[in-house]
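*Asks:* Take a look at this one; I'll ask things after.
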Amino acid sequence: MIVQGKDFQSGNDTDSQNDYETSGSGEDEEVSWISWFCSLAGHEYFCEVQEEFIEDDFNLTGLPQIVKNYEKAIYFILDIDINEGKLDSDKLAEIESSADLLYGLIHSRYILTSPGLKQMAMKYDNGDFGICPRHLCNGTYVVPCGRFDQLNKDSVKVFCPSCLDVYNAPSSRFNVIDGAFFGTTFPHLFFNTYPDFLPKEPAGVYIPKMFGFKVSEKSKTGPRIQWLRMLPTTEQEIKEITSTPEEKTPQNA
Ligand SMILES: [Zn+2]
């Protein structure tokens, strides 16, 4: 697996993924709630949050005020028995929905940590998040993201590191997944941490043509702001773009 990036939070994250599930005695191979949740249709973008992360109250600061049935929802997520048999079906459904919400909120925090980023990197490398729908991005892998960090504002979207744009997720089953479960920071922290995942070639630019001739930029149907797709490649080009007008003018003592 590639996953290079810096280990900025130390931690001996041994390859924790994949063999989490039989954390118990081993005789009956029950799937944990977290694994089950992540395996549901529409939940393909979620990674499996490590239980240690959830068990640390510090990581959950502020969430009890947001999520109803908070304690029971936590027990659900961590597979702690809450005597479900004693609950009526309405209450059970309510707790299940609280657990879904709570997991999403925990997930948005977890994927900003070193182990979370690493797990998402594995999924990215695997192509689990799909490819950019823009033809000239040549199948660049995308990452899930939210357009807002607040709940109930918008569903999850995907961000393409080639054209630097966001797109609707490729299936309607993602429409019910809140974008806040991934958040606005994740895609950019992700590529900052794993720059090797950034496309090596700039995104292709579409050239409108009629009868084989380029359409004039002055035409109403002509090309617009194509330079947005043209990422700087040389040191000089990067310098030109990043230097501010102040840097260009000589300083007065
Ligand atoms: Zn793209």
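Convention: chains lettered A, B, ... in structure tokens order; per-chain residue numbering from 1; ligands numbered from 1 as shown.
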Quick one: residues within 6 Å of ligand 1, with only C-alpha atoms and all ligand atoms, as a list in words?
*Replies:*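 Protein and nucleic-acid residues within 6 Å of ligand 1: Cys132, Arg134, Cys137, Cys160, Ser162 and Cys163 of chain A.
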*Asks:* Using only C-alpha atoms, determine which residues lie at most 8 Å from stretch 45-49 of chain A, disregarding the query and same-chain residues fewer than 5 positions distant; provide the list as a list in words.
*Replies:* Gln17, Ile34, Ser35, Cys38, Ile54, Ile106, His107, Tyr110, Gly116, Gln119, Met120, Lys123, Asp128, Phe129 and Pro144 of chain A
*Asks:* Could you turn the residues from that selection into a file that holds N, CA and C atoms, as a compact mmCIF listing (two decimals), in the first residue's frame?
*Replies:*
```txt
# COMPACT_ATOMS: atom_id res chain seq x y z
N GLN A 17 -6.76 -1.69 10.80
CA GLN A 17 -7.93 -1.96 9.99
C GLN A 17 -8.09 -3.44 9.71
N ILE A 34 -20.05 -1.16 14.21
CA ILE A 34 -19.33 -0.23 13.33
C ILE A 34 -19.10 -0.87 11.95
N SER A 35 -18.68 -2.11 11.94
CA SER A 35 -18.46 -2.79 10.65
C SER A 35 -19.76 -2.92 9.89
N CYS A 38 -20.80 0.44 8.42
CA CYS A 38 -19.99 0.85 7.27
C CYS A 38 -20.23 -0.03 6.05
N ILE A 54 -13.50 6.41 20.22
CA ILE A 54 -14.85 6.69 20.74
C ILE A 54 -14.87 6.61 22.26
N ILE A 106 -18.96 11.64 15.02
CA ILE A 106 -17.65 11.16 15.50
C ILE A 106 -16.73 10.97 14.29
N HIS A 107 -17.30 10.42 13.24
CA HIS A 107 -16.53 10.15 12.02
C HIS A 107 -15.89 11.42 11.47
N TYR A 110 -12.93 12.04 13.53
CA TYR A 110 -11.91 10.98 13.45
C TYR A 110 -11.07 11.07 12.17
N GLY A 116 -7.24 8.20 11.35
CA GLY A 116 -8.41 8.36 10.47
C GLY A 116 -7.98 8.69 9.06
N GLN A 119 -6.64 5.61 7.41
CA GLN A 119 -7.68 4.68 6.94
C GLN A 119 -8.33 5.20 5.66
N MET A 120 -8.56 6.51 5.64
CA MET A 120 -9.18 7.08 4.43
C MET A 120 -8.20 6.97 3.25
N LYS A 123 -8.58 3.64 1.74
CA LYS A 123 -9.80 3.56 0.93
C LYS A 123 -9.62 4.32 -0.39
N ASP A 128 -12.17 3.38 -3.44
CA ASP A 128 -13.48 3.22 -2.81
C ASP A 128 -14.38 4.45 -2.96
N PHE A 129 -13.80 5.60 -3.22
CA PHE A 129 -14.61 6.82 -3.30
C PHE A 129 -15.02 7.15 -4.73
N PRO A 144 -14.64 12.06 -0.48
CA PRO A 144 -15.90 12.62 -0.01
C PRO A 144 -15.65 13.92 0.76
```
*Asks:* Which of stretch 94-189 of chain A end up as helix (DSSP H, G or I) when DSSP is run on this backbone - answer as a ChimeraX atom specification?
*Replies:* /A:94-110,114-125,135-137,172-174,179-181,186-189
*Asks:* Which of stretch 51-164 of chain A end up as strand (DSSP E) when DSSP is run on this backbone - answer as a ChimeraX atom specification?
*Replies:* /A:143-145,157-160
*Asks:* Could you write those residues out with N, CA and C atoms, as a PDB file, in the first residue's frame?
*Replies:*
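Final output, out_28.pdb:
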```pdb
ATOM      1  N   VAL A 143     -12.439  12.369  -3.329  1.00  0.00           N
ATOM      2  CA  VAL A 143     -12.653  12.082  -1.898  1.00  0.00           C
ATOM      3  C   VAL A 143     -13.991  12.677  -1.469  1.00  0.00           C
ATOM      4  N   PRO A 144     -14.640  12.057  -0.485  1.00  0.00           N
ATOM      5  CA  PRO A 144     -15.902  12.623  -0.009  1.00  0.00           C
ATOM      6  C   PRO A 144     -15.651  13.918   0.760  1.00  0.00           C
ATOM      7  N   CYS A 145     -16.607  14.810   0.718  1.00  0.00           N
ATOM      8  CA  CYS A 145     -16.466  16.045   1.487  1.00  0.00           C
ATOM      9  C   CYS A 145     -17.846  16.617   1.764  1.00  0.00           C
ATOM     10  N   LYS A 157     -20.748  15.320  -0.729  1.00  0.00           N
ATOM     11  CA  LYS A 157     -20.321  15.583  -2.109  1.00  0.00           C
ATOM     12  C   LYS A 157     -18.946  14.927  -2.292  1.00  0.00           C
ATOM     13  N   VAL A 158     -18.443  14.978  -3.527  1.00  0.00           N
ATOM     14  CA  VAL A 158     -17.075  14.482  -3.742  1.00  0.00           C
ATOM     15  C   VAL A 158     -16.213  15.604  -4.319  1.00  0.00           C
ATOM     16  N   PHE A 159     -14.958  15.612  -3.887  1.00  0.00           N
ATOM     17  CA  PHE A 159     -14.014  16.643  -4.328  1.00  0.00           C
ATOM     18  C   PHE A 159     -12.956  15.992  -5.223  1.00  0.00           C
ATOM     19  N   CYS A 160     -12.665  16.661  -6.348  1.00  0.00           N
ATOM     20  CA  CYS A 160     -11.656  16.130  -7.271  1.00  0.00           C
ATOM     21  C   CYS A 160     -10.382  16.959  -7.164  1.00  0.00           C
TER      22      CYS A 160
END
```
*Asks:* Which residues come within 8 Å of stretch 219-231 of chain A, counting only C-alpha atoms, excluding same-chain residues fewer than 2 positions away, as JSON, numbers by chain?
*Replies:* {"A": [163, 202, 203, 204, 205, 207, 208, 215, 216, 217, 233]}
*Asks:* What's around A:Phe58 at 12 Å? Count only C-alpha atoms, leave out sequence neighbours fewer than 6 positions away in its own chain, and write the answer as a PyMOL selection string.
*Replies:* chain A and resi 52+64+106+109
*Asks:* Could you name the residues that touch A:Asp79 at 7 Å or less, counting only C-alpha atoms, but leaving out those on the same chain fewer than 4 positions away, as an NGL selection string?
*Replies:* :A and (32-33 or 75)
